[in-house]
>>> print(open('my_file_35.tsv').read())   # TSV, C-alpha atoms and all ligand atoms
chain	number	residue	atom	x	y	z
A	486	MET	CA	-29.51	1.18	-19.97
A	487	ARG	CA	-29.56	0.65	-23.73
A	488	PRO	CA	-26.71	-1.41	-25.21
A	489	LEU	CA	-23.79	0.26	-26.98
A	490	LEU	CA	-24.23	0.13	-30.74
A	491	SER	CA	-21.59	-2.26	-32.11
A	492	TRP	CA	-19.53	-1.69	-35.26
A	493	ALA	CA	-21.62	-4.32	-37.02
A	494	GLY	CA	-24.82	-2.63	-35.94
A	495	TRP	CA	-23.53	0.77	-36.97
A	496	ARG	CA	-22.46	-0.55	-40.37
A	497	ALA	CA	-25.86	-2.11	-40.85
A	498	VAL	CA	-27.56	1.13	-40.00
A	499	LEU	CA	-25.49	3.11	-42.48
A	500	ALA	CA	-25.75	0.50	-45.20
A	501	ARG	CA	-29.50	0.08	-44.83
A	502	THR	CA	-30.09	3.80	-44.70
A	503	TYR	CA	-28.40	4.42	-48.02
A	504	SER	CA	-29.71	1.32	-49.82
A	505	PRO	CA	-33.28	2.21	-50.53
A	506	GLY	CA	-35.30	-0.99	-50.52
A	507	PRO	CA	-39.03	-1.49	-50.50
A	508	SER	CA	-39.31	0.08	-47.06
A	509	ALA	CA	-37.00	3.02	-47.70
A	510	GLY	CA	-37.51	4.61	-51.09
A	511	TYR	CA	-36.68	8.15	-52.14
A	512	ARG	CA	-39.39	10.71	-51.92
A	513	GLY	CA	-39.94	12.40	-55.26
A	514	ALA	CA	-38.60	11.63	-58.71
A	515	SER	CA	-35.43	9.64	-59.18
A	516	GLY	CA	-32.39	11.90	-58.85
A	517	ALA	CA	-34.47	14.71	-57.36
A	518	GLN	CA	-33.99	16.13	-53.89
A	519	GLY	CA	-35.47	13.83	-51.24
A	520	TYR	CA	-34.97	11.92	-48.04
A	521	VAL	CA	-33.85	8.42	-47.28
A	522	ARG	CA	-35.36	7.44	-43.99
A	523	ASN	CA	-35.41	4.03	-42.39
A	524	PRO	CA	-37.35	2.77	-39.44
A	525	PRO	CA	-35.25	2.80	-36.26
A	526	VAL	CA	-32.62	0.08	-36.20
A	527	GLY	CA	-31.60	-0.79	-32.66
A	528	THR	CA	-31.35	2.59	-31.01
A	529	CYS	CA	-30.49	4.54	-34.17
A	530	ASP	CA	-32.70	6.44	-36.57
A	531	LEU	CA	-30.42	7.63	-39.33
A	532	GLN	CA	-31.48	10.10	-41.98
A	533	GLY	CA	-29.57	10.79	-45.16
A	534	GLU	CA	-30.68	13.49	-47.54
A	535	LEU	CA	-30.13	13.36	-51.27
A	536	ASP	CA	-29.56	16.75	-52.92
A	537	ARG	CA	-30.42	17.80	-56.46
A	538	PHE	CA	-26.79	17.40	-57.56
A	539	GLY	CA	-26.64	13.74	-56.54
A	540	GLY	CA	-24.80	14.40	-53.28
A	541	ILE	CA	-25.76	12.95	-49.93
A	542	SER	CA	-26.04	14.95	-46.72
A	543	VAL	CA	-25.56	13.24	-43.36
A	544	ARG	CA	-26.56	15.07	-40.20
A	545	LEU	CA	-24.96	13.36	-37.23
A	546	ALA	CA	-27.20	15.33	-34.87
A	547	ARG	CA	-30.06	13.12	-36.08
A	548	LEU	CA	-28.41	9.88	-34.92
A	549	GLU	CA	-29.97	8.75	-31.69
A	550	ALA	CA	-27.06	6.51	-30.62
A	551	LEU	CA	-24.41	9.13	-31.34
A	552	ASP	CA	-23.34	9.65	-27.73
A	553	ARG	CA	-22.59	5.96	-27.36
A	554	LEU	CA	-20.67	5.56	-30.61
A	555	ASP	CA	-16.87	5.62	-30.45
A	556	ALA	CA	-14.64	7.20	-33.09
A	557	ALA	CA	-13.17	3.90	-34.36
A	558	ALA	CA	-16.60	2.36	-34.94
A	559	PHE	CA	-17.70	5.55	-36.67
A	560	GLN	CA	-14.68	5.43	-38.99
A	561	LYS	CA	-15.39	1.85	-40.05
A	562	GLY	CA	-19.05	2.59	-40.58
A	563	LEU	CA	-18.31	5.72	-42.56
A	564	GLN	CA	-15.74	3.91	-44.71
A	565	ALA	CA	-18.28	1.23	-45.62
A	566	ALA	CA	-20.94	3.85	-46.28
A	567	VAL	CA	-18.62	5.86	-48.54
A	568	GLN	CA	-17.88	2.68	-50.49
A	569	GLN	CA	-21.59	2.12	-50.91
A	570	TRP	CA	-22.29	5.72	-51.95
A	571	ARG	CA	-19.50	5.47	-54.54
A	572	SER	CA	-21.01	2.29	-55.97
A	573	GLU	CA	-24.40	4.03	-56.13
A	574	GLY	CA	-22.86	6.87	-58.15
A	575	ARG	CA	-23.30	9.58	-55.51
A	576	THR	CA	-21.33	12.73	-56.37
A	577	ALA	CA	-20.41	13.96	-52.89
A	578	VAL	CA	-20.92	13.55	-49.17
A	579	TRP	CA	-21.72	16.42	-46.83
A	580	LEU	CA	-21.12	15.49	-43.21
A	581	HIS	CA	-22.60	17.81	-40.58
A	582	ILE	CA	-21.00	17.31	-37.16
A	583	PRO	CA	-22.31	18.98	-33.98
A	584	ILE	CA	-19.51	20.64	-32.01
A	585	LEU	CA	-19.93	18.26	-29.06
A	586	GLN	CA	-19.37	15.29	-31.42
A	587	SER	CA	-16.13	16.73	-32.83
A	588	ARG	CA	-14.36	13.44	-32.06
A	589	PHE	CA	-15.78	12.25	-35.41
A	590	ILE	CA	-13.89	14.93	-37.39
A	591	ALA	CA	-10.47	13.20	-37.34
A	592	PRO	CA	-11.83	9.78	-38.45
A	593	ALA	CA	-13.71	11.47	-41.29
A	594	ALA	CA	-10.59	13.45	-42.28
A	595	SER	CA	-8.58	10.23	-42.40
A	596	LEU	CA	-11.02	9.02	-45.07
A	597	GLY	CA	-10.41	12.13	-47.17
A	598	PHE	CA	-13.10	14.49	-45.83
A	599	CYS	CA	-12.10	18.18	-45.59
A	600	PHE	CA	-13.65	21.10	-43.74
A	601	HIS	CA	-16.14	23.01	-45.84
A	602	HIS	CA	-17.15	25.46	-43.11
A	603	ALA	CA	-17.94	25.78	-39.43
A	604	GLU	CA	-20.65	27.71	-37.61
A	605	SER	CA	-20.78	28.35	-33.86
A	606	ASP	CA	-22.25	24.93	-33.00
A	607	SER	CA	-21.32	22.63	-35.89
A	608	SER	CA	-18.83	21.91	-38.64
A	609	THR	CA	-19.50	20.67	-42.15
A	610	LEU	CA	-17.05	18.39	-43.92
A	611	THR	CA	-17.21	17.28	-47.54
A	612	LEU	CA	-15.89	14.47	-49.69
A	613	TRP	CA	-16.07	14.65	-53.48
A	614	LEU	CA	-16.97	11.31	-55.04
A	615	GLY	CA	-17.70	12.42	-58.60
A	616	GLU	CA	-15.53	12.34	-61.71
A	617	GLY	CA	-12.56	14.75	-61.94
A	618	PRO	CA	-11.84	17.63	-59.58
A	619	SER	CA	-14.45	18.68	-57.02
A	620	ARG	CA	-17.27	20.84	-58.31
A	621	LEU	CA	-18.60	21.60	-54.81
A	622	PRO	CA	-19.03	25.34	-54.21
A	623	GLY	CA	-16.79	26.93	-51.59
A	624	TYR	CA	-18.08	28.72	-48.51
A	625	ALA	CA	-17.98	32.52	-47.85
A	626	SER	CA	-15.28	34.35	-49.82
A	627	HIS	CA	-15.74	37.88	-48.46
A	628	GLN	CA	-16.54	39.82	-45.34
A	629	VAL	CA	-18.73	42.87	-45.93
A	630	GLY	CA	-18.08	46.22	-44.26
A	631	VAL	CA	-20.45	49.17	-44.74
A	632	ALA	CA	-19.89	52.84	-43.96
A	633	GLY	CA	-22.34	55.73	-43.92
A	634	ALA	CA	-21.46	59.04	-45.59
A	635	VAL	CA	-24.02	61.08	-43.63
A	636	PHE	CA	-24.42	64.33	-45.56
A	637	ASP	CA	-26.53	67.28	-44.48
A	638	GLU	CA	-27.39	69.20	-47.66
A	639	SER	CA	-28.69	72.25	-45.77
A	640	THR	CA	-25.32	72.94	-44.07
A	641	ARG	CA	-23.02	71.05	-46.53
A	642	LYS	CA	-21.58	69.16	-43.54
A	643	ILE	CA	-20.50	65.56	-43.52
A	644	LEU	CA	-20.13	63.29	-40.49
A	645	VAL	CA	-16.59	61.94	-39.96
A	646	VAL	CA	-14.77	59.99	-37.24
A	647	GLN	CA	-11.24	59.06	-36.30
A	648	ASP	CA	-10.74	55.45	-35.30
A	649	ARG	CA	-9.39	54.83	-31.78
A	650	ASN	CA	-7.73	51.54	-32.69
A	651	LYS	CA	-5.66	52.74	-35.65
A	652	LEU	CA	-1.99	53.78	-35.54
A	653	LYS	CA	-2.68	56.80	-37.79
A	654	ASN	CA	-5.63	59.03	-36.89
A	655	MET	CA	-7.28	59.83	-40.19
A	656	TRP	CA	-10.78	61.06	-40.91
A	657	LYS	CA	-13.14	58.39	-42.27
A	658	PHE	CA	-16.83	57.62	-42.44
A	659	PRO	CA	-18.34	55.72	-39.50
A	660	GLY	CA	-19.12	52.09	-40.34
A	661	GLY	CA	-18.54	48.45	-39.57
A	662	LEU	CA	-19.24	44.89	-40.49
A	663	SER	CA	-22.58	43.75	-41.79
A	664	GLU	CA	-24.42	41.15	-39.72
A	665	PRO	CA	-25.83	37.97	-41.28
A	666	GLY	CA	-29.15	38.68	-42.98
A	667	GLU	CA	-28.76	42.46	-42.68
A	668	ASP	CA	-29.45	44.80	-45.62
A	669	ILE	CA	-26.52	47.03	-46.63
A	670	GLY	CA	-28.43	50.24	-45.88
A	671	ASP	CA	-29.49	48.93	-42.46
A	672	THR	CA	-25.84	48.17	-41.58
A	673	ALA	CA	-24.84	51.72	-42.51
A	674	VAL	CA	-27.64	53.28	-40.44
A	675	ARG	CA	-26.98	50.97	-37.44
A	676	GLU	CA	-23.20	51.44	-37.46
A	677	VAL	CA	-23.50	55.23	-37.79
A	678	PHE	CA	-25.87	55.34	-34.82
A	679	GLU	CA	-23.72	52.98	-32.69
A	680	GLU	CA	-20.51	54.90	-33.38
A	681	THR	CA	-21.74	58.52	-33.42
A	682	GLY	CA	-25.26	58.68	-31.92
A	683	ILE	CA	-26.54	60.24	-35.17
A	684	LYS	CA	-29.86	58.97	-36.57
A	685	SER	CA	-30.10	58.77	-40.33
A	686	GLU	CA	-31.86	57.12	-43.25
A	687	PHE	CA	-30.54	55.34	-46.31
A	688	ARG	CA	-30.44	57.26	-49.59
A	689	SER	CA	-28.14	55.37	-51.96
A	690	LEU	CA	-25.08	53.23	-52.50
A	691	LEU	CA	-22.05	55.26	-53.61
A	692	SER	CA	-19.05	52.95	-53.96
A	693	ILE	CA	-17.80	49.40	-53.52
A	694	ARG	CA	-14.21	48.55	-52.68
A	695	GLN	CA	-12.91	45.00	-53.02
A	696	GLN	CA	-9.62	44.08	-51.33
A	697	HIS	CA	-7.99	40.68	-51.06
A	698	THR	CA	-6.03	39.28	-48.11
A	699	ASN	CA	-7.20	42.13	-45.85
A	700	PRO	CA	-5.50	41.42	-42.49
A	701	GLY	CA	-8.77	41.83	-40.54
A	702	ALA	CA	-10.78	39.45	-42.72
A	703	PHE	CA	-9.63	36.06	-41.41
A	704	GLY	CA	-7.97	35.16	-44.70
A	705	LYS	CA	-11.03	36.16	-46.75
A	706	SER	CA	-11.45	39.12	-49.09
A	707	ASP	CA	-13.02	42.37	-47.92
A	708	MET	CA	-15.92	44.18	-49.57
A	709	TYR	CA	-16.28	47.73	-48.25
A	710	ILE	CA	-19.42	49.58	-49.32
A	711	ILE	CA	-20.11	53.28	-48.72
A	712	CYS	CA	-23.72	54.51	-48.59
A	713	ARG	CA	-25.12	58.02	-48.75
A	714	LEU	CA	-27.29	58.68	-45.70
A	715	LYS	CA	-29.49	61.62	-44.76
A	716	PRO	CA	-29.31	62.69	-41.10
A	717	TYR	CA	-32.37	63.37	-38.98
A	718	SER	CA	-30.58	64.04	-35.71
A	719	PHE	CA	-27.49	66.22	-35.33
A	720	THR	CA	-26.15	65.99	-31.76
A	721	ILE	CA	-23.04	63.83	-31.68
A	722	ASN	CA	-22.63	61.29	-28.88
A	723	PHE	CA	-19.80	59.10	-30.11
A	724	CYS	CA	-18.67	55.65	-28.97
A	725	GLN	CA	-15.56	56.04	-26.80
A	726	HIS	CA	-14.46	52.43	-27.43
A	727	GLU	CA	-14.19	52.79	-31.18
A	728	CYS	CA	-13.77	56.51	-31.93
A	729	LEU	CA	-11.21	59.08	-30.87
A	730	ARG	CA	-12.97	62.05	-32.50
A	731	CYS	CA	-16.24	62.68	-34.30
A	732	GLU	CA	-17.24	65.89	-36.13
A	733	TRP	CA	-19.55	67.47	-38.66
A	734	MET	CA	-17.01	68.69	-41.24
A	735	ASP	CA	-17.55	70.91	-44.27
A	736	LEU	CA	-17.60	68.64	-47.34
A	737	ASN	CA	-15.10	70.92	-49.16
A	738	ASP	CA	-12.63	70.52	-46.28
A	739	LEU	CA	-12.94	66.73	-46.30
A	740	ALA	CA	-12.43	66.67	-50.08
A	741	LYS	CA	-9.24	68.75	-49.69
A	742	THR	CA	-7.67	67.44	-46.49
A	743	GLU	CA	-4.67	65.12	-46.60
A	744	ASN	CA	-5.56	63.73	-43.20
A	745	THR	CA	-7.87	61.09	-44.61
A	746	THR	CA	-7.83	57.76	-46.44
A	747	PRO	CA	-7.78	57.67	-50.26
A	748	ILE	CA	-11.23	56.05	-50.36
A	749	THR	CA	-12.76	58.68	-48.04
A	750	SER	CA	-11.19	61.47	-50.11
A	751	ARG	CA	-12.51	59.99	-53.37
A	752	VAL	CA	-16.04	59.55	-52.00
A	753	ALA	CA	-15.99	63.10	-50.54
A	754	ARG	CA	-15.25	64.38	-54.08
A	755	LEU	CA	-17.97	62.17	-55.50
A	756	LEU	CA	-20.43	63.63	-52.97
A	757	LEU	CA	-19.34	67.17	-53.83
A	758	TYR	CA	-19.99	66.42	-57.49
A	759	GLY	CA	-23.44	65.00	-56.63
A	760	TYR	CA	-24.22	67.99	-54.40
A	761	ARG	CA	-23.38	70.43	-57.21
A	762	GLU	CA	-24.67	68.53	-60.26
A	763	GLY	CA	-27.46	66.39	-58.81
A	764	PHE	CA	-27.26	63.22	-56.72
A	765	ASP	CA	-28.83	61.23	-59.56
A	766	ARG	CA	-25.36	61.43	-61.19
A	767	ILE	CA	-23.78	59.42	-58.38
A	768	ASP	CA	-26.53	57.45	-56.65
A	769	LEU	CA	-27.23	53.75	-57.00
A	770	THR	CA	-30.71	53.57	-55.54
A	771	VAL	CA	-32.42	50.46	-54.23
A	772	GLU	CA	-35.59	48.62	-55.10
A	773	GLU	CA	-37.07	45.41	-53.70
A	774	LEU	CA	-38.00	42.74	-56.26
A	775	PRO	CA	-39.37	39.19	-55.97
A	776	ALA	CA	-37.15	36.20	-56.71
A	777	VAL	CA	-38.68	33.84	-59.28
A	778	HIS	CA	-37.64	30.47	-57.85
A	779	THR	CA	-37.59	30.93	-54.09
A	780	GLY	CA	-40.49	33.31	-53.50
A	781	LEU	CA	-38.10	35.46	-51.47
A	782	PHE	CA	-37.46	39.16	-52.01
A	783	TYR	CA	-34.13	40.80	-52.75
A	784	LYS	CA	-32.68	44.28	-53.00
A	785	LEU	CA	-31.44	45.49	-56.37
A	786	TYR	CA	-29.12	48.53	-56.52
A	787	HIS	CA	-28.64	50.44	-59.76
A	788	LYS	CA	-28.76	53.92	-61.33
A	789	GLU	CA	-32.29	55.29	-61.55
A	790	LEU	CA	-34.18	53.87	-64.54
A	791	PRO	CA	-36.69	56.25	-66.22
A	792	ASP	CA	-40.30	55.10	-65.67
A	793	ASN	CA	-40.91	54.44	-69.37
A	794	TYR	CA	-37.95	52.04	-69.36
A	795	LYS	CA	-39.31	50.27	-66.28
A	796	THR	CA	-42.59	49.58	-68.06
A	797	MET	CA	-41.11	49.53	-71.59
A	798	LYS	CA	-44.05	51.61	-72.79
A	799	GLY	CA	-43.30	53.99	-75.62
A	800	ILE	CA	-39.86	52.45	-76.25
A	801	ASP	CA	-38.82	51.18	-79.68
B	1	LIG	N1	-10.68	52.81	-45.78
B	1	LIG	C1	-11.34	53.14	-44.72
B	1	LIG	O1	-11.69	54.29	-44.50
B	1	LIG	C2	-11.63	52.05	-43.74
B	1	LIG	C3	-12.36	50.94	-44.09
B	1	LIG	N2	-12.69	49.99	-43.17
B	1	LIG	C4	-13.55	48.87	-43.55
B	1	LIG	O2	-14.61	48.85	-42.61
B	1	LIG	C5	-14.95	47.49	-42.31
B	1	LIG	C6	-14.71	47.17	-40.87
B	1	LIG	O3	-15.09	48.23	-40.10
B	1	LIG	P1	-14.68	48.35	-38.55
B	1	LIG	O4	-15.04	49.72	-38.15
B	1	LIG	O5	-13.25	47.91	-38.38
B	1	LIG	O6	-15.61	47.23	-37.89
B	1	LIG	P2	-16.73	47.32	-36.73
B	1	LIG	O7	-17.19	48.73	-36.56
B	1	LIG	O8	-17.76	46.28	-37.04
B	1	LIG	O9	-15.95	46.83	-35.45
B	1	LIG	C7	-14.81	47.49	-34.97
B	1	LIG	C8	-14.68	47.16	-33.47
B	1	LIG	O10	-14.79	45.75	-33.25
B	1	LIG	C9	-13.92	45.34	-32.22
B	1	LIG	N3	-12.95	44.39	-32.77
B	1	LIG	C10	-12.67	44.16	-34.08
B	1	LIG	N4	-11.76	43.19	-34.19
B	1	LIG	C11	-11.45	42.80	-32.95
B	1	LIG	C12	-10.57	41.83	-32.40
B	1	LIG	N5	-9.82	41.06	-33.19
B	1	LIG	N6	-10.50	41.71	-31.08
B	1	LIG	C13	-11.27	42.48	-30.26
B	1	LIG	N7	-12.12	43.41	-30.72
B	1	LIG	C14	-12.20	43.58	-32.03
B	1	LIG	C15	-13.22	46.59	-31.71
B	1	LIG	O11	-13.97	47.08	-30.62
B	1	LIG	C16	-13.35	47.56	-32.88
B	1	LIG	O12	-13.32	48.90	-32.46
B	1	LIG	C17	-14.10	46.64	-43.22
B	1	LIG	O13	-14.84	46.36	-44.39
B	1	LIG	C18	-12.91	47.52	-43.50
B	1	LIG	O14	-12.28	47.20	-44.72
B	1	LIG	C19	-12.28	50.13	-41.89
B	1	LIG	C20	-11.49	51.20	-41.52
B	1	LIG	C21	-11.11	52.23	-42.41
B	2	MG	MG	-16.50	50.66	-37.05
>>> encode(input="my_file_35.tsv", output="structure tokens", more="lines below")
Ligand SMILES: NC(=O)C1=CN([C@@H]2O[C@H](COP(=O)(O)OP(=O)(O)OC[C@H]3O[C@@H](n4cnc5c(N)ncnc54)[C@H](O)[C@@H]3O)[C@@H](O)[C@H]2O)C=CC1
Ligand SMILES: [Mg+2]
Amino acid sequence: MRPLLSWAGWRAVLARTYSPGPSAGYRGASGAQGYVRNPPVGTCDLQGELDRFGGISVRLARLEALDRLDAAAFQKGLQAAVQQWRSEGRTAVWLHIPILQSRFIAPAASLGFCFHHAESDSSTLTLWLGEGPSRLPGYASHQVGVAGAVFDESTRKILVVQDRNKLKNMWKFPGGLSEPGEDIGDTAVREVFEETGIKSEFRSLLSIRQQHTNPGAFGKSDMYIICRLKPYSFTINFCQHECLRCEWMDLNDLAKTENTTPITSRVARLLLYGYREGFDRIDLTVEELPAVHTGLFYKLYHKELPDNYKTMKGID
């Protein structure tokens, strides 16, 4: 059995890891993003990561001796390390703690660390070391809900549901919360299918509602986006868990009824206007463009831009 890492050993590991000497220099230019990696000391192989803002990121999951380290020894080691990082002019510490090592949260908090966020299997705590108030960005500020206004132009019918879990049964568009990494249009199409059995395709984005302190948003703000969808199946098979009723309703009736929410009524009128005057008046269509710095792609939603403006040919 390997020996328990002592406080002195732990302190040495932390101190050596964050004091780049000849054997542990930063990769890349000074002040740039890089790693600080030392050869294993005792049973530990600690890695600290320097970010481009001068902060240091510590991932406890990478410590080999973590299981055998007690909370008190961790606190002393962390305190010494924080002192060292301060003296080195680091701006912040990001401490990533696996859920099974949550015993290290309280010692870190006693040194001034606060929760930044938590995911299912880890929490991230931060400590601001820079001048003045913290400039660290917060975590998620909104939840995103997306509904589909599925409109069949050939019959002028719109797909509506009544929620099973609401005290008042009002007509609304089927929809739900967006999943991480999911495009807005894909959420609308998925939620419509899950709740009503109707297959559809994305056409445009119609409206965005922002609401703060929404009771269902875990203290965050709520962004509720309504998309225009085109149906390609018409037989309703609605979800009994979530919906009480589901119908194809004439768009005029939805625009006039009082048995609906203000947002549904407003978007029904918007759709009626688009149906009569041309959907280009109301649609924010989507295009995929490349991001310059990351090489990733993103979706951009805006009113249709004439081709000559896209290319800027023939424009003064
Ligand atoms: N103004 C409007 O017409 C309405 C807008 N919205 C917006 O739609 C979005 C959310 O859509 P939803 O259809 O509510 O989400 P959703 O379709 O993703 O999920 C709703 C279902 O999740 C389950 N669920 C939710 N919270 C639960 C809990 N605490 N415990 C157990 N089960 C739970 C229930 O089965 C519920 O039927 C939000 O952005 C909200 O603001 C929702 C209702 C009406
Ligand atoms: Mg729903």
>>> residues_near_point(input="my_file_35.tsv", point="(-17.8, 15.2, -32.9)", cutoff="12 Å", atoms="all atoms listed in the file", output="PyMOL selection string")
chain A and resi 544-546+551-556+559-560+580-594+606-610
>>> residues_near_ligand(input="my_file_35.tsv", ligand="ligand LIG 1 (chain B)", cutoff="8 Å", atoms="only C-alpha atoms and all ligand atoms", output="JSON, numbers by chain")
{"A": [628, 629, 630, 631, 632, 648, 649, 650, 656, 657, 658, 659, 660, 661, 662, 663, 676, 680, 696, 699, 701, 702, 707, 708, 709, 710, 726, 727, 728, 745, 746, 747, 748, 749]}
>>> atom_distance(input="my_file_35.tsv", atom1="CA of Val645 in chain A", atom2="CA of Gly633 in chain A")
9.3 Å
>>> closest_residue(input="my_file_35.tsv", among="A:Cys724, A:Leu612, A:Leu774, A:Leu596", to="ligand MG 2 (chain B)", atoms="all atoms listed in the file")
A:Cys724
>>> closest_residue(input="my_file_35.tsv", among="A:Glu573, A:Glu732, A:Ser685, A:Trp579", to="Val543 in chain A", atoms="all atoms listed in the file")
A:Trp579
>>> closest_residue(input="my_file_35.tsv", among="A:Phe636, A:Phe703, A:Phe723, A:Trp570", to="ligand MG 2 (chain B)", atoms="all atoms listed in the file")
A:Phe723
>>> closest_residue(input="my_file_35.tsv", among="A:Leu729, A:Ala625, A:Leu769, A:Val567", to="ligand MG 2 (chain B)", atoms="all atoms listed in the file")
A:Leu729
>>> residues_around(input="my_file_35.tsv", residues="range 784-793 of chain A", least_positions_apart="2", cutoff="9 Å", atoms="only C-alpha atoms", output="PDB file with C-alpha atoms, in the frame of the given file")
ATOM      1  CA  ASP A 668     -29.450  44.800 -45.620  1.00  0.00           C
ATOM      2  CA  SER A 689     -28.140  55.370 -51.960  1.00  0.00           C
ATOM      3  CA  LEU A 690     -25.080  53.230 -52.500  1.00  0.00           C
ATOM      4  CA  ASP A 765     -28.830  61.230 -59.560  1.00  0.00           C
ATOM      5  CA  ARG A 766     -25.360  61.430 -61.190  1.00  0.00           C
ATOM      6  CA  ILE A 767     -23.780  59.420 -58.380  1.00  0.00           C
ATOM      7  CA  ASP A 768     -26.530  57.450 -56.650  1.00  0.00           C
ATOM      8  CA  LEU A 769     -27.230  53.750 -57.000  1.00  0.00           C
ATOM      9  CA  THR A 770     -30.710  53.570 -55.540  1.00  0.00           C
ATOM     10  CA  VAL A 771     -32.420  50.460 -54.230  1.00  0.00           C
ATOM     11  CA  GLU A 772     -35.590  48.620 -55.100  1.00  0.00           C
ATOM     12  CA  GLU A 773     -37.070  45.410 -53.700  1.00  0.00           C
ATOM     13  CA  LEU A 774     -38.000  42.740 -56.260  1.00  0.00           C
ATOM     14  CA  PRO A 775     -39.370  39.190 -55.970  1.00  0.00           C
ATOM     15  CA  PHE A 782     -37.460  39.160 -52.010  1.00  0.00           C
ATOM     16  CA  LYS A 795     -39.310  50.270 -66.280  1.00  0.00           C
ATOM     17  CA  THR A 796     -42.590  49.580 -68.060  1.00  0.00           C
ATOM     18  CA  MET A 797     -41.110  49.530 -71.590  1.00  0.00           C
ATOM     19  CA  LYS A 798     -44.050  51.610 -72.790  1.00  0.00           C
ATOM     20  CA  GLY A 799     -43.300  53.990 -75.620  1.00  0.00           C
ATOM     21  CA  ILE A 800     -39.860  52.450 -76.250  1.00  0.00           C
TER      22      ILE A 800
END
>>> closest_residue(input="my_file_35.tsv", among="A:Ala776, A:Val674, A:Leu535, A:Ala577", to="ligand MG 2 (chain B)", atoms="only C-alpha atoms and all ligand atoms")
A:Val674
>>> atom_distance(input="my_file_35.tsv", atom1="CA of Asp637 in chain A", atom2="CA of Glu664 in chain A")
26.6 Å
>>> atom_distance(input="my_file_35.tsv", atom1="CA of Ser706 in chain A", atom2="CA of Arg694 in chain A")
10.5 Å
>>> residues_around(input="my_file_35.tsv", residues="Lys684 in chain A", least_positions_apart="5", cutoff="12 Å", atoms="all atoms listed in the file", output="PDB file with C-alpha atoms, keeping the file's coordinate frame")
ATOM      1  CA  GLY A 633     -22.340  55.730 -43.920  1.00  0.00           C
ATOM      2  CA  VAL A 635     -24.020  61.080 -43.630  1.00  0.00           C
ATOM      3  CA  PHE A 636     -24.420  64.330 -45.560  1.00  0.00           C
ATOM      4  CA  ASP A 637     -26.530  67.280 -44.480  1.00  0.00           C
ATOM      5  CA  LEU A 644     -20.130  63.290 -40.490  1.00  0.00           C
ATOM      6  CA  ASP A 671     -29.490  48.930 -42.460  1.00  0.00           C
ATOM      7  CA  ALA A 673     -24.840  51.720 -42.510  1.00  0.00           C
ATOM      8  CA  VAL A 674     -27.640  53.280 -40.440  1.00  0.00           C
ATOM      9  CA  ARG A 675     -26.980  50.970 -37.440  1.00  0.00           C
ATOM     10  CA  GLU A 676     -23.200  51.440 -37.460  1.00  0.00           C
ATOM     11  CA  VAL A 677     -23.500  55.230 -37.790  1.00  0.00           C
ATOM     12  CA  PHE A 678     -25.870  55.340 -34.820  1.00  0.00           C
ATOM     13  CA  GLU A 679     -23.720  52.980 -32.690  1.00  0.00           C
ATOM     14  CA  LEU A 714     -27.290  58.680 -45.700  1.00  0.00           C
ATOM     15  CA  LYS A 715     -29.490  61.620 -44.760  1.00  0.00           C
ATOM     16  CA  PRO A 716     -29.310  62.690 -41.100  1.00  0.00           C
ATOM     17  CA  TYR A 717     -32.370  63.370 -38.980  1.00  0.00           C
ATOM     18  CA  SER A 718     -30.580  64.040 -35.710  1.00  0.00           C
ATOM     19  CA  PHE A 719     -27.490  66.220 -35.330  1.00  0.00           C
ATOM     20  CA  THR A 720     -26.150  65.990 -31.760  1.00  0.00           C
ATOM     21  CA  ILE A 721     -23.040  63.830 -31.680  1.00  0.00           C
ATOM     22  CA  ASN A 722     -22.630  61.290 -28.880  1.00  0.00           C
ATOM     23  CA  PHE A 723     -19.800  59.100 -30.110  1.00  0.00           C
TER      24      PHE A 723
END
>>> residues_around(input="my_file_35.tsv", residues="Val752 in chain A", least_positions_apart="4", cutoff="8 Å", atoms="only C-alpha atoms", output="PyMOL selection string")
chain A and resi 691-692+748+756
